[in-house]
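Novice: So here's run.csv, just CSV, C-alpha atoms:
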```
chain,number,residue,atom,x,y,z
A,522,MET,CA,-43.0,15.5,137.2
A,523,THR,CA,-46.1,14.9,135.0
A,524,ALA,CA,-47.1,11.9,133.0
A,525,GLY,CA,-45.8,13.6,129.9
A,526,ASP,CA,-42.4,13.9,131.5
A,527,VAL,CA,-42.4,10.2,132.3
A,528,VAL,CA,-43.3,9.4,128.6
A,529,THR,CA,-40.4,11.7,127.5
A,530,ALA,CA,-38.0,10.2,130.0
A,531,VAL,CA,-38.7,6.7,128.7
A,532,LEU,CA,-39.0,7.3,125.0
A,533,LEU,CA,-36.1,9.6,124.4
A,534,PRO,CA,-33.4,7.3,125.7
A,535,THR,CA,-35.0,4.3,124.1
A,536,GLY,CA,-35.1,6.1,120.7
A,537,ALA,CA,-31.5,7.2,121.2
A,538,ALA,CA,-30.5,3.7,122.0
A,539,PHE,CA,-32.1,2.3,118.8
A,540,SER,CA,-30.4,5.0,116.7
A,541,ALA,CA,-27.0,4.2,118.3
A,542,VAL,CA,-27.4,0.5,117.6
A,543,GLY,CA,-28.4,1.3,114.1
A,544,ALA,CA,-25.1,3.2,113.7
A,545,LEU,CA,-23.2,0.3,115.3
A,546,GLY,CA,-24.9,-2.0,112.8
A,547,VAL,CA,-23.8,0.0,109.8
A,548,LEU,CA,-20.3,-0.2,111.2
A,549,ARG,CA,-20.2,-3.9,112.0
A,550,PHE,CA,-22.3,-5.7,109.4
A,551,PRO,CA,-20.3,-7.4,106.6
A,552,ASP,CA,-21.6,-6.0,103.3
A,553,LEU,CA,-23.7,-3.3,101.7
A,554,LEU,CA,-27.1,-5.0,101.9
A,555,THR,CA,-26.8,-6.1,105.5
A,556,ARG,CA,-25.7,-2.6,106.4
A,557,LEU,CA,-28.7,-1.1,104.6
A,558,HIS,CA,-30.9,-3.1,107.0
A,559,ALA,CA,-29.1,-1.6,109.9
A,560,ALA,CA,-29.4,1.9,108.4
A,561,THR,CA,-33.1,1.8,107.6
A,562,LYS,CA,-34.6,-0.1,110.6
A,563,PRO,CA,-33.4,0.7,114.1
A,564,GLN,CA,-32.7,4.3,113.0
A,565,THR,CA,-36.3,4.7,111.8
A,566,ILE,CA,-37.9,3.5,115.0
A,567,GLY,CA,-35.3,5.5,116.9
A,568,LEU,CA,-36.5,8.7,115.3
A,569,LEU,CA,-40.2,7.8,115.7
A,570,LEU,CA,-39.6,7.2,119.5
A,571,ILE,CA,-37.7,10.4,119.9
A,572,LEU,CA,-40.5,12.3,118.1
A,573,ALA,CA,-43.1,10.6,120.3
A,574,GLY,CA,-40.9,11.6,123.3
A,575,VAL,CA,-40.7,15.2,122.3
A,576,ALA,CA,-44.4,15.5,121.6
A,577,PRO,CA,-45.6,15.8,125.2
A,578,GLN,CA,-43.1,18.7,125.8
A,579,THR,CA,-44.4,20.9,123.0
A,580,GLY,CA,-47.4,22.0,125.1
A,581,SER,CA,-49.9,22.6,122.2
A,582,LEU,CA,-51.2,20.6,119.3
A,583,ALA,CA,-50.1,23.2,116.8
A,584,ASP,CA,-46.5,22.8,118.0
A,585,ALA,CA,-46.7,19.0,117.9
A,586,ALA,CA,-48.1,18.9,114.3
A,587,PRO,CA,-44.8,19.4,112.5
A,588,LEU,CA,-43.4,16.4,114.5
A,589,LEU,CA,-46.1,14.2,112.9
A,590,LEU,CA,-45.0,15.6,109.5
A,591,VAL,CA,-41.4,14.6,110.2
A,592,ALA,CA,-42.5,11.1,111.1
A,593,VAL,CA,-44.6,10.7,108.0
A,594,PHE,CA,-41.8,11.9,105.7
A,595,GLN,CA,-39.4,9.6,107.5
A,596,LEU,CA,-41.7,6.6,106.8
A,597,ILE,CA,-42.1,7.6,103.2
A,598,THR,CA,-38.5,8.4,102.3
A,599,ALA,CA,-36.5,5.8,104.3
A,600,PRO,CA,-37.7,2.9,102.1
A,601,VAL,CA,-37.2,4.8,98.9
A,602,ALA,CA,-33.5,5.4,99.8
A,603,ALA,CA,-33.0,1.8,100.9
A,604,GLN,CA,-34.7,0.4,97.8
A,605,THR,CA,-32.7,2.6,95.5
A,606,ILE,CA,-29.4,1.7,97.0
A,607,GLY,CA,-30.4,-2.0,97.3
A,608,ALA,CA,-31.5,-2.2,93.7
A,609,ALA,CA,-28.2,-0.5,92.5
A,610,ALA,CA,-26.2,-3.0,94.7
A,611,TYR,CA,-28.1,-5.9,93.3
A,612,ARG,CA,-27.8,-4.9,89.6
A,613,THR,CA,-24.1,-4.2,89.8
A,614,GLY,CA,-23.4,-7.4,91.7
A,615,ALA,CA,-22.0,-5.6,94.8
A,616,ILE,CA,-23.5,-8.4,97.0
A,617,ASP,CA,-21.1,-10.7,98.7
A,618,PRO,CA,-22.4,-14.3,97.9
A,619,ALA,CA,-20.8,-15.5,101.1
A,620,THR,CA,-23.5,-13.7,103.1
A,621,LEU,CA,-26.3,-15.4,101.2
A,622,THR,CA,-27.8,-18.7,102.2
A,623,LEU,CA,-30.1,-18.7,99.2
A,624,ASP,CA,-30.4,-16.8,95.9
A,625,GLU,CA,-33.6,-17.5,94.0
A,626,SER,CA,-33.0,-14.8,91.4
A,627,SER,CA,-32.0,-15.5,87.8
A,628,PRO,CA,-28.3,-15.9,87.0
A,629,PRO,CA,-26.3,-12.6,86.8
A,630,GLY,CA,-26.4,-12.6,83.0
A,631,ASP,CA,-30.2,-12.3,83.0
A,632,ARG,CA,-30.4,-9.5,85.5
A,633,ALA,CA,-32.3,-6.5,84.1
B,752,MET,CA,-67.0,6.4,87.0
B,753,ASN,CA,-65.2,7.5,83.9
B,754,GLY,CA,-61.4,8.1,83.5
B,755,LEU,CA,-61.7,11.9,83.6
B,756,ALA,CA,-63.5,11.9,87.0
B,757,ARG,CA,-61.0,9.4,88.3
B,758,ARG,CA,-58.1,11.6,87.3
B,759,ALA,CA,-59.7,14.7,88.7
B,760,GLY,CA,-60.3,12.7,92.0
B,761,GLY,CA,-56.6,11.7,92.0
B,762,ARG,CA,-55.5,15.3,91.5
B,763,LEU,CA,-57.8,16.6,94.2
B,764,GLY,CA,-56.4,14.0,96.6
B,765,MET,CA,-52.9,15.1,95.9
B,766,GLY,CA,-53.9,18.8,96.3
B,767,VAL,CA,-55.5,18.1,99.7
B,768,TRP,CA,-52.4,16.3,100.8
B,769,LEU,CA,-50.2,19.2,99.7
B,770,LEU,CA,-52.5,21.6,101.6
B,771,ALA,CA,-52.4,19.5,104.7
B,772,VAL,CA,-48.6,19.5,104.6
B,773,TRP,CA,-48.6,23.3,104.2
B,774,VAL,CA,-51.0,23.7,107.2
B,775,LEU,CA,-49.0,21.3,109.3
B,776,LEU,CA,-45.8,23.2,108.5
B,777,TRP,CA,-47.3,26.4,109.7
B,778,GLY,CA,-48.8,24.7,112.7
B,779,ARG,CA,-52.0,26.7,112.7
B,780,ILE,CA,-55.3,26.9,110.8
B,781,ASP,CA,-56.6,30.3,109.9
B,782,ALA,CA,-57.9,32.0,106.8
B,783,ALA,CA,-54.5,33.4,105.7
B,784,THR,CA,-52.7,30.1,106.0
B,785,VAL,CA,-55.4,28.2,104.1
B,786,ILE,CA,-55.7,30.8,101.3
B,787,GLY,CA,-51.9,31.0,101.1
B,788,GLY,CA,-51.8,27.2,101.0
B,789,LEU,CA,-54.3,27.0,98.2
B,790,ALA,CA,-52.3,29.5,96.2
B,791,VAL,CA,-49.1,27.5,96.7
B,792,VAL,CA,-50.9,24.2,95.7
B,793,LEU,CA,-52.3,25.9,92.5
B,794,VAL,CA,-48.9,27.3,91.6
B,795,ALA,CA,-47.2,23.9,92.3
B,796,TYR,CA,-49.7,22.2,90.0
B,797,ALA,CA,-49.3,24.8,87.2
B,798,VAL,CA,-45.6,24.6,87.3
B,799,SER,CA,-44.9,20.9,87.9
B,800,ARG,CA,-47.9,19.1,86.5
B,801,LEU,CA,-47.8,16.7,89.4
B,802,PRO,CA,-48.6,13.1,88.5
B,803,THR,CA,-52.1,11.8,89.0
B,804,VAL,CA,-52.3,9.6,92.1
B,805,PRO,CA,-54.0,6.3,91.2
B,806,LEU,CA,-57.4,6.4,93.0
B,807,VAL,CA,-58.3,4.2,95.8
B,808,THR,CA,-62.1,3.8,95.6
B,809,ARG,CA,-62.6,2.8,99.1
B,810,VAL,CA,-60.6,2.5,102.3
B,811,ARG,CA,-61.9,0.0,104.8
B,812,PRO,CA,-61.1,1.7,108.1
B,813,VAL,CA,-61.0,-1.4,110.4
B,814,PRO,CA,-58.7,-3.5,108.2
B,815,LEU,CA,-56.5,-0.4,107.6
B,816,ALA,CA,-56.2,0.2,111.3
B,817,LYS,CA,-55.3,-3.5,111.7
B,818,ALA,CA,-52.7,-3.3,109.0
B,819,ALA,CA,-51.2,-0.1,110.5
B,820,LEU,CA,-51.1,-1.7,114.0
B,821,GLU,CA,-49.5,-4.9,112.6
B,822,PHE,CA,-47.0,-2.8,110.7
B,823,ALA,CA,-46.1,-0.9,113.8
B,824,TRP,CA,-45.6,-4.2,115.7
B,825,ASP,CA,-43.5,-5.6,112.7
B,826,LEU,CA,-41.4,-2.4,112.8
B,827,LEU,CA,-40.7,-2.8,116.5
B,828,VAL,CA,-39.8,-6.5,116.2
B,829,SER,CA,-37.6,-5.9,113.1
B,830,SER,CA,-35.7,-3.2,114.9
B,831,VAL,CA,-35.1,-5.4,118.0
B,832,VAL,CA,-34.0,-8.4,115.8
B,833,ILE,CA,-31.6,-6.3,113.7
B,834,ALA,CA,-30.3,-4.5,116.8
B,835,TRP,CA,-29.7,-7.9,118.5
B,836,HIS,CA,-27.6,-9.1,115.6
B,837,ALA,CA,-25.7,-5.8,115.4
B,838,LEU,CA,-24.7,-6.2,119.0
B,839,ARG,CA,-24.1,-10.0,119.2
B,840,ALA,CA,-22.6,-11.5,116.0
B,841,PRO,CA,-22.7,-9.0,113.1
B,842,GLY,CA,-20.0,-10.9,111.1
B,843,ARG,CA,-21.9,-14.2,111.0
B,844,ILE,CA,-25.2,-12.7,109.7
B,845,GLN,CA,-26.7,-14.6,106.8
B,846,GLY,CA,-29.3,-13.3,104.3
B,847,ALA,CA,-31.0,-14.6,101.2
B,848,ILE,CA,-32.5,-13.2,98.0
B,849,ILE,CA,-36.0,-14.5,97.6
B,850,GLU,CA,-38.6,-13.9,94.9
B,851,VAL,CA,-42.2,-13.3,95.9
B,852,GLY,CA,-45.0,-13.3,93.4
B,853,ALA,CA,-47.3,-10.4,94.1
B,854,ARG,CA,-51.0,-11.0,93.6
B,855,SER,CA,-52.2,-7.4,93.3
B,856,ARG,CA,-51.8,-5.5,90.1
B,857,SER,CA,-52.5,-2.2,91.7
B,858,GLU,CA,-49.7,0.3,91.9
B,859,VAL,CA,-51.1,1.7,95.2
B,860,VAL,CA,-51.2,-1.7,96.9
B,861,LEU,CA,-47.7,-2.7,95.5
B,862,LEU,CA,-46.3,0.7,96.7
B,863,ALA,CA,-47.8,0.1,100.1
B,864,VAL,CA,-46.4,-3.5,100.1
B,865,THR,CA,-42.9,-2.5,99.1
B,866,THR,CA,-42.8,0.4,101.5
B,867,SER,CA,-44.0,-1.9,104.3
B,868,VAL,CA,-41.5,-4.6,103.2
B,869,SER,CA,-38.5,-2.2,103.3
B,870,LEU,CA,-39.4,-1.1,106.8
B,871,ARG,CA,-40.2,-4.6,108.1
B,872,PRO,CA,-38.3,-7.4,109.9
B,873,GLY,CA,-35.1,-8.0,107.9
B,874,THR,CA,-36.7,-7.6,104.5
B,875,LEU,CA,-35.5,-5.1,101.8
B,876,LEU,CA,-36.7,-4.7,98.3
B,877,VAL,CA,-33.8,-5.0,95.8
B,878,GLY,CA,-35.8,-5.4,92.6
B,879,LEU,CA,-39.2,-5.4,91.1
B,880,ASP,CA,-40.2,-7.2,88.0
B,881,TRP,CA,-43.4,-5.3,86.9
B,882,GLU,CA,-44.3,-7.7,84.0
B,883,ARG,CA,-44.3,-10.8,86.2
B,884,SER,CA,-45.4,-9.0,89.4
B,885,LEU,CA,-42.3,-10.3,91.0
B,886,LEU,CA,-40.8,-8.8,94.1
B,887,ARG,CA,-37.1,-9.5,94.6
B,888,ILE,CA,-36.4,-9.3,98.3
B,889,HIS,CA,-33.3,-9.5,100.4
B,890,GLY,CA,-34.2,-11.1,103.7
B,891,MET,CA,-32.0,-11.2,106.8
B,892,PRO,CA,-31.4,-13.0,109.1
B,893,VAL,CA,-32.1,-16.1,106.9
B,894,ARG,CA,-30.1,-19.2,107.6
B,895,SER,CA,-32.2,-21.9,106.0
B,896,GLU,CA,-34.9,-22.7,103.4
B,897,GLU,CA,-37.5,-22.7,106.2
B,898,GLU,CA,-36.6,-19.1,107.3
B,899,ALA,CA,-36.7,-18.0,103.6
B,900,ASP,CA,-40.2,-19.4,103.3
B,901,ALA,CA,-41.2,-17.7,106.6
B,902,ALA,CA,-39.9,-14.4,105.2
B,903,ARG,CA,-41.9,-15.0,101.9
B,904,ASP,CA,-45.0,-15.8,103.9
B,905,GLY,CA,-44.5,-12.5,105.9
B,906,VAL,CA,-44.5,-10.5,102.6
B,907,LEU,CA,-47.6,-12.3,101.3
B,908,ARG,CA,-49.4,-11.7,104.6
B,909,THR,CA,-48.6,-8.0,104.4
B,910,GLU,CA,-49.9,-7.9,100.8
B,911,ARG,CA,-53.2,-9.7,101.8
B,912,ARG,CA,-53.6,-7.3,104.7
B,913,LEU,CA,-53.2,-4.2,102.5
B,914,MET,CA,-55.4,-5.6,99.8
B,915,ARG,CA,-58.1,-6.0,102.4
B,916,ALA,CA,-57.7,-2.4,103.5
B,917,LEU,CA,-57.4,-0.6,100.2
B,918,VAL,CA,-60.0,-1.2,97.5
B,919,ILE,CA,-58.8,-0.4,94.0
B,920,PRO,CA,-61.1,-0.1,91.0
B,921,ASP,CA,-58.9,-2.1,88.5
B,922,ASP,CA,-57.7,-4.6,91.0
B,923,ASP,CA,-59.9,-7.6,90.0
B,924,ILE,CA,-58.6,-9.9,92.6
B,925,ARG,CA,-60.6,-11.0,95.6
B,926,PRO,CA,-58.4,-10.4,98.6
B,927,ASP,CA,-60.0,-13.3,100.6
B,928,THR,CA,-58.9,-16.0,98.1
B,929,GLY,CA,-56.1,-14.3,96.3
B,930,ALA,CA,-57.2,-15.9,93.1
B,931,ARG,CA,-57.0,-14.0,89.9
B,932,PRO,CA,-60.0,-14.7,87.6
B,933,ASP,CA,-58.1,-14.7,84.3
B,934,VAL,CA,-55.2,-16.9,85.2
B,935,PRO,CA,-55.0,-20.3,86.8
B,936,PRO,CA,-54.4,-20.1,90.5
B,937,ALA,CA,-50.7,-20.0,91.4
B,938,GLU,CA,-49.4,-22.7,93.7
B,939,GLU,CA,-50.1,-22.0,97.3
B,940,GLU,CA,-47.3,-21.4,99.7
```
Can the structure from this file be put into structure tokens for me?

Specialist:
Amino acid sequence: MTAGDVVTAVLLPTGAAFSAVGALGVLRFPDLLTRLHAATKPQTIGLLLILAGVAPQTGSLADAAPLLLVAVFQLITAPVAAQTIGAAAYRTGAIDPATLTLDESSPPGDRA
Amino acid sequence: MNGLARRAGGRLGMGVWLLAVWVLLWGRIDAATVIGGLAVVLVAYAVSRLPTVPLVTRVRPVPLAKAALEFAWDLLVSSVVIAWHALRAPGRIQGAIIEVGARSRSEVVLLAVTTSVSLRPGTLLVGLDWERSLLRIHGMPVRSEEEADAARDGVLRTERRLMRALVIPDDDIRPDTGARPDVPPAEEE
């Protein structure tokens, strides 16, 4: 077993665990916004860890390069999806006020 | 530097990025791949008229590396915090909508900030008021005013970090003070 195998053995299960907890969060959090947090965060780091775990097994730099591309696009696209859904939820008032301790934004009538 | 050169520079940057993606997808660098990539980039430009990327005049490598490292750390912490709440008490989670006044007027910096915010510890962008440079952010877990202030400070810290790393031509704000020359200084957090 090489050092690369050890890295893979540690990172793959860790990444998988983060992804699993992310899925659990989507299931268990009370409303749309809190669920979005669960969908965008643990899952992102889960994928990054899995990619980092796969990289040592590819053998060559050329084979590992597309993994980097996957990571970059994940980091670029995950926030876009989260922000789009978040903004839509906010504008349509699909936020449960019971889950908010504080709302500094203008009253609903003024929402753009 | 005039506007034309700036636009050309922005286009060139976008073209280089597209070519890099192409080469990475093929996973090898040889004449055929690069020439094919150039052809694809040219066709993509001719067909879609891709938008000009606002130019960053200078990237400071050390602050950028620092910002990237701190971002990676934030990402890890955020994931652990949210994972902890998902496992322990998901029903009792409390959040807050907070408004943060952005200091930078640069699209690139604001894009980097919002991207970073949406990937960071329990913060998520739900709205952006461009005229007032106001970021509307959902933070979680936030149970008190103090935690809301802490979340706000986190966003402002991220912005300061990124403004230090990316130098933008029309961003006339000094990152060290955060003061804008044409308006009275906003109240400090």

Novice: If you take all atoms listed in the file and a cut-off of 6 Å, which residues of chain A touch chain B, and what are their nearest atom pairs and distances in Å to one decimal, in chain and number order, as a Markdown table?

Specialist:
```
| residue | atom | partner | partner_atom | distance |
| --- | --- | --- | --- | --- |
| A:Val542 | CA | B:Ala834 | CA | 5.8 |
| A:Gly546 | CA | B:Ala837 | CA | 4.7 |
| A:Arg549 | CA | B:Pro841 | CA | 5.8 |
| A:Phe550 | CA | B:Pro841 | CA | 5.0 |
| A:Pro551 | CA | B:Gly842 | CA | 5.7 |
| A:Lys562 | CA | B:Ser830 | CA | 5.4 |
| A:Pro563 | CA | B:Ser830 | CA | 4.6 |
| A:Ala583 | CA | B:Gly778 | CA | 4.6 |
| A:Ala586 | CA | B:Leu775 | CA | 5.6 |
| A:Pro587 | CA | B:Leu776 | CA | 5.6 |
| A:Pro600 | CA | B:Ser869 | CA | 5.3 |
| A:Gln604 | CA | B:Leu876 | CA | 5.5 |
| A:Gly607 | CA | B:Val877 | CA | 4.8 |
| A:Ala608 | CA | B:Val877 | CA | 4.2 |
| A:Thr620 | CA | B:Gln845 | CA | 5.0 |
| A:Leu621 | CA | B:Ala847 | CA | 4.8 |
| A:Thr622 | CA | B:Ala847 | CA | 5.3 |
| A:Leu623 | CA | B:Ala847 | CA | 4.6 |
| A:Asp624 | CA | B:Ile848 | CA | 4.7 |
| A:Glu625 | CA | B:Ile849 | CA | 5.3 |
```

Novice: Given the selection you just returned, output its residues as a file containing C-alpha atoms, formatted as a tab-separated table (two decimals), keeping the file's coordinate frame.

Specialist:
```tsv
chain	number	residue	atom	x	y	z
A	542	VAL	CA	-27.40	0.50	117.60
A	546	GLY	CA	-24.90	-2.00	112.80
A	549	ARG	CA	-20.20	-3.90	112.00
A	550	PHE	CA	-22.30	-5.70	109.40
A	551	PRO	CA	-20.30	-7.40	106.60
A	562	LYS	CA	-34.60	-0.10	110.60
A	563	PRO	CA	-33.40	0.70	114.10
A	583	ALA	CA	-50.10	23.20	116.80
A	586	ALA	CA	-48.10	18.90	114.30
A	587	PRO	CA	-44.80	19.40	112.50
A	600	PRO	CA	-37.70	2.90	102.10
A	604	GLN	CA	-34.70	0.40	97.80
A	607	GLY	CA	-30.40	-2.00	97.30
A	608	ALA	CA	-31.50	-2.20	93.70
A	620	THR	CA	-23.50	-13.70	103.10
A	621	LEU	CA	-26.30	-15.40	101.20
A	622	THR	CA	-27.80	-18.70	102.20
A	623	LEU	CA	-30.10	-18.70	99.20
A	624	ASP	CA	-30.40	-16.80	95.90
A	625	GLU	CA	-33.60	-17.50	94.00
```

Novice: Could you work out how far atom CA of Glu821 of chain B lies from atom CA of Ile571 of chain A, giving the answer in Å with one decimal?

Specialist: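 Between atom CA of Ile571 of chain A and atom CA of Glu821 of chain B the gap is 20.7 Å.
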
Novice: What separation in Å, quoted to one decimal, exists between atom CA of Ala541 of chain A and atom CA of Tyr611 of chain A?

Specialist: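 It comes out at 27.0 Å.
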
Novice: For a quick check of your reading of the model, name the residues lying within 6 Å of the coordinate (-46.9, -11.1, 90.2), counting only C-alpha atoms, and write them as a ChimeraX atom specification.

Specialist: /B:852-854,883-885

Novice: Please, what distance in Å, to one decimal, runs between atom CA of Arg839 of chain B and atom CA of Asp552 of chain A?

Specialist: 16.6 Å

Novice: Point out the residue among B:Leu793, B:Ile786, B:Val810, B:Leu861 with the least atom-to-atom distance to Thr909 of chain B, counting all atoms listed in the file.

Specialist: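 Smallest distance to Thr909 of chain B is found for B:Leu861.
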
Novice: Take the point (-55.3, -7.4, 102.8) as written in the file and pick out every residue within 12 Å of it, counting only C-alpha atoms; give the list as a PyMOL selection string.

Specialist: chain B and resi 810-811+813-819+821+854-855+860-861+863-864+906-919+924-929
